[in-house]
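Colleague: Sharing target18.cif below, mmCIF, C-alpha atoms:
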data_run
#
loop_
_atom_site.label_atom_id
_atom_site.label_comp_id
_atom_site.auth_asym_id
_atom_site.auth_seq_id
_atom_site.Cartn_x
_atom_site.Cartn_y
_atom_site.Cartn_z
CA MET S 1 43.92 -86.41 -24.40
CA ALA S 2 44.86 -90.10 -24.36
CA ALA S 3 47.03 -89.50 -21.31
CA MET S 4 44.12 -87.87 -19.49
CA ARG S 5 41.88 -90.81 -20.39
CA GLY S 6 44.51 -93.22 -19.01
CA VAL S 7 44.75 -91.34 -15.72
CA LEU S 8 40.96 -91.15 -15.53
CA THR S 9 40.62 -94.87 -16.19
CA MET S 10 43.17 -95.75 -13.49
CA THR S 11 41.51 -93.41 -11.02
CA MET S 12 38.08 -94.81 -11.80
CA ALA S 13 39.34 -98.34 -11.27
CA ALA S 14 40.64 -97.26 -7.88
CA TRP S 15 37.32 -95.55 -7.12
CA SER S 16 35.25 -98.61 -7.96
CA GLY S 17 37.62 -100.84 -6.02
CA LEU S 18 37.10 -98.86 -2.84
CA SER S 19 33.76 -100.49 -2.20
CA ALA S 20 35.07 -104.00 -2.78
CA CYS S 21 37.89 -104.04 -0.24
CA ALA S 22 38.58 -102.89 3.27
CA PRO S 23 38.15 -99.12 3.38
CA GLN S 24 41.25 -96.98 3.45
CA THR S 25 40.94 -93.37 4.42
CA PRO S 26 42.11 -90.54 2.19
CA PRO S 27 44.94 -88.38 3.55
CA HIS S 28 43.89 -85.91 6.30
CA TRP S 29 40.61 -87.76 6.84
CA ALA S 30 40.55 -87.33 10.63
CA GLN S 31 40.90 -83.55 10.61
CA GLY S 32 38.66 -83.07 7.57
CA GLY S 33 39.12 -80.77 4.63
CA ALA S 34 37.22 -77.94 2.98
CA PRO S 35 34.24 -76.52 4.84
CA LEU S 36 30.92 -77.22 3.14
CA VAL S 37 27.40 -76.00 3.82
CA ILE S 38 24.90 -78.86 3.75
CA ALA S 39 21.29 -77.98 2.97
CA ALA S 40 18.41 -79.52 1.10
CA ALA S 41 18.92 -79.30 -2.68
CA ARG S 42 17.58 -81.15 -5.70
CA TRP S 43 19.02 -81.95 -9.12
CA ASP S 44 16.21 -82.50 -11.62
CA LEU S 45 17.32 -84.72 -14.50
CA GLY S 46 14.08 -85.26 -16.34
CA ASP S 47 12.78 -88.64 -15.18
CA GLU S 48 15.18 -88.85 -12.23
CA THR S 49 15.99 -86.67 -9.26
CA VAL S 50 19.08 -86.53 -7.08
CA GLN S 51 18.65 -84.91 -3.68
CA ILE S 52 21.02 -83.68 -1.03
CA LEU S 53 19.27 -84.11 2.29
CA PRO S 54 19.96 -81.80 5.25
CA ASN S 55 21.90 -84.65 6.94
CA GLY S 56 24.31 -84.82 3.96
CA GLN S 57 22.93 -87.98 2.39
CA VAL S 58 22.75 -87.96 -1.39
CA VAL S 59 19.80 -89.96 -2.66
CA ARG S 60 18.44 -90.86 -6.07
CA ASP S 61 14.83 -91.97 -6.22
CA GLY S 62 14.93 -92.78 -2.49
CA ASP S 63 18.17 -94.83 -2.57
CA VAL S 64 21.19 -93.51 -0.65
CA LEU S 65 24.16 -93.20 -3.02
CA PHE S 66 26.70 -91.63 -0.66
CA ALA S 67 26.94 -88.82 1.88
CA VAL S 68 28.97 -85.66 2.40
CA ASP S 69 29.70 -83.85 5.64
CA ARG S 70 30.50 -80.29 6.68
CA VAL S 71 34.27 -80.83 6.48
CA GLY S 72 34.40 -82.23 2.94
CA ARG S 73 34.32 -85.97 3.65
CA VAL S 74 32.53 -88.28 1.20
CA VAL S 75 31.42 -91.71 2.41
CA ASP S 76 29.69 -94.50 0.50
CA GLU S 77 26.26 -95.91 1.31
CA ASP S 78 27.87 -98.12 4.00
CA ASN S 79 29.51 -95.06 5.59
CA ASP S 80 33.00 -96.15 4.46
CA PRO S 81 35.48 -93.38 3.51
CA VAL S 82 35.71 -92.60 -0.20
CA ALA S 83 37.12 -89.10 -0.69
CA LEU S 84 38.00 -85.85 1.01
CA LEU S 85 37.68 -82.39 -0.50
CA LEU S 86 40.83 -80.55 0.51
CA PRO S 87 40.78 -76.78 1.21
CA ASP S 88 42.59 -76.07 -2.10
CA GLY S 89 39.85 -77.87 -4.08
CA ARG S 90 41.66 -81.13 -4.78
CA LEU S 91 39.52 -84.21 -4.16
CA ALA S 92 41.68 -86.84 -2.47
CA GLY S 93 40.84 -90.53 -2.61
CA SER S 94 42.67 -93.22 -0.69
CA ASP S 95 44.76 -94.09 -3.76
CA GLY S 96 45.26 -90.66 -5.32
CA MET S 97 43.58 -87.52 -6.53
CA LEU S 98 40.07 -87.64 -7.94
CA GLY S 99 40.14 -84.27 -9.64
CA HIS S 100 39.52 -80.70 -8.57
CA VAL S 101 36.27 -79.12 -7.34
CA GLY S 102 35.70 -75.38 -7.36
CA LEU S 103 32.66 -73.33 -6.51
CA ASN S 104 31.06 -73.57 -9.97
CA ASN S 105 33.05 -76.22 -11.85
CA ALA S 106 35.08 -79.38 -11.50
CA SER S 107 37.79 -81.11 -13.48
CA PRO S 108 38.52 -84.84 -13.71
CA PRO S 109 41.71 -86.46 -12.44
CA GLY S 110 44.80 -85.34 -14.34
CA ALA S 111 43.01 -82.58 -16.27
CA SER S 112 43.48 -78.84 -16.08
CA THR S 113 40.15 -77.94 -17.66
CA ALA S 114 36.63 -78.38 -16.36
CA TRP S 115 34.40 -81.25 -17.42
CA LEU S 116 31.33 -79.82 -15.70
CA SER S 117 29.96 -76.47 -14.67
CA LEU S 118 27.08 -75.30 -12.51
CA LEU S 119 25.62 -72.10 -13.99
CA PRO S 120 24.13 -69.28 -11.87
CA ASN S 121 20.59 -70.46 -12.74
CA GLY S 122 21.41 -73.99 -11.48
CA GLN S 123 21.75 -75.56 -14.92
CA VAL S 124 24.43 -78.26 -15.11
CA LEU S 125 26.63 -78.40 -18.20
CA PHE S 126 29.05 -81.19 -19.04
CA PHE S 127 31.82 -80.61 -21.55
CA ASP S 128 33.01 -83.29 -23.96
CA ARG S 129 36.59 -83.62 -25.19
CA ASP S 130 35.93 -81.09 -27.96
CA GLY S 131 34.52 -78.54 -25.53
CA ASP S 132 30.94 -79.01 -26.68
CA ARG S 133 28.36 -78.40 -23.97
CA GLU S 134 25.79 -80.97 -22.93
CA PRO S 135 23.04 -79.76 -20.57
CA GLN S 136 22.28 -82.23 -17.77
CA GLY S 137 19.38 -80.95 -15.73
CA VAL S 138 19.06 -78.20 -13.15
CA TRP S 139 19.98 -77.94 -9.47
CA ARG S 140 17.45 -76.24 -7.16
CA GLY S 141 18.56 -74.94 -3.74
CA CYS S 142 22.23 -74.48 -4.63
CA GLN S 143 22.55 -70.76 -4.10
CA GLY S 144 25.21 -69.11 -1.98
CA PRO S 145 27.46 -71.31 0.14
CA VAL S 146 25.57 -74.52 -0.77
CA ARG S 147 26.84 -74.17 -4.35
CA ARG S 148 30.18 -75.90 -3.75
CA THR S 149 28.42 -78.85 -2.13
CA CYS S 150 26.23 -79.23 -5.22
CA THR S 151 29.30 -79.01 -7.47
CA LEU S 152 31.05 -81.68 -5.37
CA VAL S 153 28.02 -84.01 -5.55
CA THR S 154 27.80 -83.51 -9.33
CA HIS S 155 31.52 -84.30 -9.68
CA VAL S 156 31.31 -87.45 -7.53
CA LEU S 157 28.36 -88.69 -9.59
CA ALA S 158 30.30 -87.96 -12.79
CA LEU S 159 33.26 -89.97 -11.43
CA GLN S 160 30.94 -92.87 -10.68
CA ARG S 161 29.47 -92.65 -14.18
CA GLU S 162 32.94 -92.73 -15.73
CA SER S 163 33.89 -95.65 -13.50
CA ARG S 164 30.93 -97.64 -14.83
CA ARG S 165 31.81 -96.72 -18.42
CA SER S 166 35.46 -97.73 -18.09
CA SER S 167 34.70 -101.04 -16.35
CA GLY S 168 32.59 -102.43 -19.15
CA PRO S 169 29.11 -102.17 -20.56
CA ALA S 170 26.54 -100.66 -18.26
CA ILE S 171 23.60 -100.29 -20.59
CA GLY S 172 20.67 -98.54 -18.98
CA VAL S 173 22.56 -97.52 -15.86
CA GLY S 174 22.97 -93.84 -15.12
CA LEU S 175 21.29 -90.59 -14.31
CA GLY S 176 18.89 -89.36 -16.91
CA VAL S 177 19.45 -89.19 -20.61
CA GLY S 178 23.15 -89.54 -21.32
CA PHE S 179 24.21 -89.42 -17.69
#
Written as structure tokens, that's how I'd like the structure from this file.
Modeller:
Amino acid sequence: MAAMRGVLTMTMAAWSGLSACAPQTPPHWAQGGAPLVIAAARWDLGDETVQILPNGQVVRDGDVLFAVDRVGRVVDEDNDPVALLLPDGRLAGSDGMLGHVGLNNASPPGASTAWLSLLPNGQVLFFDRDGDREPQGVWRGCQGPVRRTCTLVTHVLALQRESRRSSGPAIGVGLGVGF
């Protein structure tokens, strides 16, 4: 588990550094990666809401966080390349892999087990190191082919959360209670 934490910490440092320097593109950026269906969806987290807009922008309380496109590209709020979802489910960043994203679950970098799952009813579950489940709101509008897009967005937000946690105190920053 310590090895996974080390890989996750290194990956998160690379993730957070992407915004601070000249953007590098992940491998295969030009041709794109996994096909995604982009449609309006909403993740209700109690006091906060994350939305996927039909244009692929991901917003929280009106602020653009990042965007996804129909060929698996993820760009930051400045439209700079961040990650690419490859057809086999690996999420490639410019400096390495950022985990694996399936239809209903995702795993962090260097792990073989899921850290989050999107249930058929839209409920989001996160798993701690002991396998305990922690509910984190409900996605609406993530049925059918939109489901993988919602799982990808949830995973990217979880990576950002872990990046904040590993880079020092970020009291009061996050999505909802515990996120």
Colleague: Do you know which residues the PyMOL selection byres ((chain S and resi 64) around 10) returns on this file, as a count of residues only?
Modeller: 16
Colleague: Determine the nearest neighbour of S:Gln136 from the options S:Ala34, S:Arg165, S:Val101, S:Glu48, counting all atoms listed in the file.
Modeller: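 Selected residue with least distance to S:Gln136: S:Glu48.
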Colleague: If you apply the PyMOL selection byres ((chain S and resi 140) around 9) to this file, what residues do you get, as a list in words?
Modeller: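 Selected by the PyMOL selection byres ((chain S and resi 140) around 9) here: Ala40, Ala41, Arg42, Trp43, Asp44, Asn121, Gly122, Gln123, Val138, Trp139, Gly141, Cys142 and Gln143 of chain S.
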Colleague: I want to know what sits within 8 Å of S:Phe126, based on all atoms listed in the file, with residues of the same chain fewer than 3 positions away left out; could you give that as a list in words?
Modeller: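 The neighbour list is Trp115, Leu116, Ser117, Arg133, Glu134, Pro135 and Gln136 of chain S.
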Colleague: Between atom CA of S:Asn79 and atom CA of S:Gly56, what is the spacing in Å?
Modeller: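 That distance, rounded to one decimal, is 11.6 Å.
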Colleague: Could you tell me how far atom CA of S:Gly72 sits from atom CA of S:Pro35, in Å to one decimal place?
Modeller: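 One can read the atom CA of S:Pro35 to atom CA of S:Gly72 distance as 6.0 Å.
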Colleague: Hey, can you check how far atom CA of S:Arg148 sits from atom CA of S:Leu36?
Modeller: 7.1 Å
Colleague: Just checking: using only C-alpha atoms, which residue out of S:Leu157, S:Asn104, S:Pro26, S:Ser163 ends up closest to S:Leu85?
Modeller: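 Smallest separation from S:Leu85 among the options: S:Pro26.
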Colleague: Counting all atoms listed in the file, what is within 9 Å of S:Leu91, bar same-chain residues fewer than 5 positions away, as an mmCIF file with C-alpha atoms, in the frame of the given file?
Modeller:
data_model
loop_
_atom_site.group_PDB
_atom_site.id
_atom_site.type_symbol
_atom_site.label_atom_id
_atom_site.label_comp_id
_atom_site.auth_asym_id
_atom_site.auth_seq_id
_atom_site.Cartn_x
_atom_site.Cartn_y
_atom_site.Cartn_z
ATOM 1 C CA GLY S 72 34.400 -82.230 2.940
ATOM 2 C CA ALA S 83 37.120 -89.100 -0.690
ATOM 3 C CA LEU S 84 38.000 -85.850 1.010
ATOM 4 C CA LEU S 85 37.680 -82.390 -0.500
ATOM 5 C CA LEU S 86 40.830 -80.550 0.510
ATOM 6 C CA GLY S 96 45.260 -90.660 -5.320
ATOM 7 C CA MET S 97 43.580 -87.520 -6.530
ATOM 8 C CA LEU S 98 40.070 -87.640 -7.940
ATOM 9 C CA GLY S 99 40.140 -84.270 -9.640
ATOM 10 C CA HIS S 100 39.520 -80.700 -8.570
ATOM 11 C CA VAL S 101 36.270 -79.120 -7.340
ATOM 12 C CA PRO S 109 41.710 -86.460 -12.440
ATOM 13 C CA LEU S 152 31.050 -81.680 -5.370
#
Colleague: Looking at all atoms listed in the file, which of S:Leu45, S:Leu53, S:Val71, S:Phe127 is the one that sits closest to S:Gly32?
Modeller: S:Val71
Colleague: Between S:Thr25, S:Asp95, S:Val146, S:Gln31, which has the minimum distance to S:Pro54 (counting only C-alpha atoms)?
Modeller: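 Residue with the minimum atom-to-atom distance to S:Pro54: S:Val146.
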Colleague: Just checking: using only C-alpha atoms, which residue out of S:Val82, S:Asp130, S:Leu103, S:Ala114 ends up closest to S:Gln160?
Modeller: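 Checking each candidate against S:Gln160, we get S:Val82 as the closest.
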Colleague: Using all atoms listed in the file, which of S:Ala106, S:Ile38, S:Asp80, S:Arg164 sits nearest S:Ser94?
Modeller: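 Between S:Ala106, S:Ile38, S:Asp80, S:Arg164, the residue approaching S:Ser94 most closely is S:Asp80.
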Colleague: N, CA, C and O atoms are what I want for stretch 98-117 of chain S; can you complete it accordingly and write them as a PDB file, in the coordinates of the input?
Modeller:
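Below you can see out33.pdb, which holds the result:
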ATOM      1  N   LEU S  98      41.267 -87.371  -7.161  1.00  0.00           N
ATOM      2  CA  LEU S  98      40.070 -87.640  -7.940  1.00  0.00           C
ATOM      3  C   LEU S  98      39.578 -86.385  -8.656  1.00  0.00           C
ATOM      4  O   LEU S  98      38.391 -86.254  -8.948  1.00  0.00           O
ATOM      5  N   GLY S  99      40.489 -85.474  -8.921  1.00  0.00           N
ATOM      6  CA  GLY S  99      40.140 -84.270  -9.640  1.00  0.00           C
ATOM      7  C   GLY S  99      40.173 -83.044  -8.752  1.00  0.00           C
ATOM      8  O   GLY S  99      40.736 -83.043  -7.661  1.00  0.00           O
ATOM      9  N   HIS S 100      39.541 -81.987  -9.246  1.00  0.00           N
ATOM     10  CA  HIS S 100      39.520 -80.700  -8.570  1.00  0.00           C
ATOM     11  C   HIS S 100      38.091 -80.164  -8.583  1.00  0.00           C
ATOM     12  O   HIS S 100      37.423 -80.234  -9.611  1.00  0.00           O
ATOM     13  N   VAL S 101      37.636 -79.639  -7.454  1.00  0.00           N
ATOM     14  CA  VAL S 101      36.270 -79.120  -7.340  1.00  0.00           C
ATOM     15  C   VAL S 101      36.340 -77.667  -6.884  1.00  0.00           C
ATOM     16  O   VAL S 101      36.880 -77.364  -5.818  1.00  0.00           O
ATOM     17  N   GLY S 102      35.800 -76.788  -7.709  1.00  0.00           N
ATOM     18  CA  GLY S 102      35.700 -75.380  -7.360  1.00  0.00           C
ATOM     19  C   GLY S 102      34.280 -75.050  -6.933  1.00  0.00           C
ATOM     20  O   GLY S 102      33.464 -75.939  -6.681  1.00  0.00           O
ATOM     21  N   LEU S 103      33.991 -73.773  -6.886  1.00  0.00           N
ATOM     22  CA  LEU S 103      32.660 -73.330  -6.510  1.00  0.00           C
ATOM     23  C   LEU S 103      31.631 -73.648  -7.590  1.00  0.00           C
ATOM     24  O   LEU S 103      30.536 -74.129  -7.304  1.00  0.00           O
ATOM     25  N   ASN S 104      32.001 -73.426  -8.854  1.00  0.00           N
ATOM     26  CA  ASN S 104      31.060 -73.570  -9.970  1.00  0.00           C
ATOM     27  C   ASN S 104      31.444 -74.623 -10.982  1.00  0.00           C
ATOM     28  O   ASN S 104      30.703 -74.834 -11.938  1.00  0.00           O
ATOM     29  N   ASN S 105      32.616 -75.238 -10.854  1.00  0.00           N
ATOM     30  CA  ASN S 105      33.050 -76.220 -11.850  1.00  0.00           C
ATOM     31  C   ASN S 105      33.954 -77.254 -11.220  1.00  0.00           C
ATOM     32  O   ASN S 105      34.397 -77.092 -10.088  1.00  0.00           O
ATOM     33  N   ALA S 106      34.202 -78.304 -11.975  1.00  0.00           N
ATOM     34  CA  ALA S 106      35.080 -79.380 -11.500  1.00  0.00           C
ATOM     35  C   ALA S 106      35.809 -79.973 -12.699  1.00  0.00           C
ATOM     36  O   ALA S 106      35.294 -79.973 -13.817  1.00  0.00           O
ATOM     37  N   SER S 107      37.010 -80.462 -12.438  1.00  0.00           N
ATOM     38  CA  SER S 107      37.790 -81.110 -13.480  1.00  0.00           C
ATOM     39  C   SER S 107      38.117 -82.541 -13.059  1.00  0.00           C
ATOM     40  O   SER S 107      38.260 -82.824 -11.873  1.00  0.00           O
ATOM     41  N   PRO S 108      38.229 -83.436 -14.027  1.00  0.00           N
ATOM     42  CA  PRO S 108      38.520 -84.840 -13.710  1.00  0.00           C
ATOM     43  C   PRO S 108      39.982 -85.016 -13.319  1.00  0.00           C
ATOM     44  O   PRO S 108      40.804 -84.111 -13.504  1.00  0.00           O
ATOM     45  N   PRO S 109      40.325 -86.179 -12.811  1.00  0.00           N
ATOM     46  CA  PRO S 109      41.710 -86.460 -12.440  1.00  0.00           C
ATOM     47  C   PRO S 109      42.667 -86.238 -13.605  1.00  0.00           C
ATOM     48  O   PRO S 109      42.394 -86.655 -14.727  1.00  0.00           O
ATOM     49  N   GLY S 110      43.760 -85.546 -13.336  1.00  0.00           N
ATOM     50  CA  GLY S 110      44.800 -85.340 -14.340  1.00  0.00           C
ATOM     51  C   GLY S 110      44.494 -84.290 -15.380  1.00  0.00           C
ATOM     52  O   GLY S 110      45.283 -84.079 -16.292  1.00  0.00           O
ATOM     53  N   ALA S 111      43.377 -83.591 -15.271  1.00  0.00           N
ATOM     54  CA  ALA S 111      43.010 -82.580 -16.270  1.00  0.00           C
ATOM     55  C   ALA S 111      43.128 -81.184 -15.670  1.00  0.00           C
ATOM     56  O   ALA S 111      42.966 -80.987 -14.468  1.00  0.00           O
ATOM     57  N   SER S 112      43.394 -80.225 -16.534  1.00  0.00           N
ATOM     58  CA  SER S 112      43.480 -78.840 -16.080  1.00  0.00           C
ATOM     59  C   SER S 112      42.259 -78.029 -16.499  1.00  0.00           C
ATOM     60  O   SER S 112      42.150 -76.861 -16.155  1.00  0.00           O
ATOM     61  N   THR S 113      41.358 -78.641 -17.248  1.00  0.00           N
ATOM     62  CA  THR S 113      40.150 -77.940 -17.660  1.00  0.00           C
ATOM     63  C   THR S 113      38.914 -78.641 -17.108  1.00  0.00           C
ATOM     64  O   THR S 113      38.921 -79.849 -16.856  1.00  0.00           O
ATOM     65  N   ALA S 114      37.862 -77.875 -16.955  1.00  0.00           N
ATOM     66  CA  ALA S 114      36.630 -78.380 -16.360  1.00  0.00           C
ATOM     67  C   ALA S 114      35.923 -79.370 -17.280  1.00  0.00           C
ATOM     68  O   ALA S 114      35.979 -79.252 -18.494  1.00  0.00           O
ATOM     69  N   TRP S 115      35.267 -80.340 -16.673  1.00  0.00           N
ATOM     70  CA  TRP S 115      34.400 -81.250 -17.420  1.00  0.00           C
ATOM     71  C   TRP S 115      32.937 -81.016 -17.063  1.00  0.00           C
ATOM     72  O   TRP S 115      32.053 -81.538 -17.709  1.00  0.00           O
ATOM     73  N   LEU S 116      32.693 -80.165 -16.043  1.00  0.00           N
ATOM     74  CA  LEU S 116      31.330 -79.820 -15.700  1.00  0.00           C
ATOM     75  C   LEU S 116      31.306 -78.425 -15.097  1.00  0.00           C
ATOM     76  O   LEU S 116      32.296 -77.943 -14.562  1.00  0.00           O
ATOM     77  N   SER S 117      30.141 -77.803 -15.214  1.00  0.00           N
ATOM     78  CA  SER S 117      29.960 -76.470 -14.670  1.00  0.00           C
ATOM     79  C   SER S 117      28.531 -76.330 -14.164  1.00  0.00           C
ATOM     80  O   SER S 117      27.595 -76.879 -14.747  1.00  0.00           O
TER      81      SER S 117
END
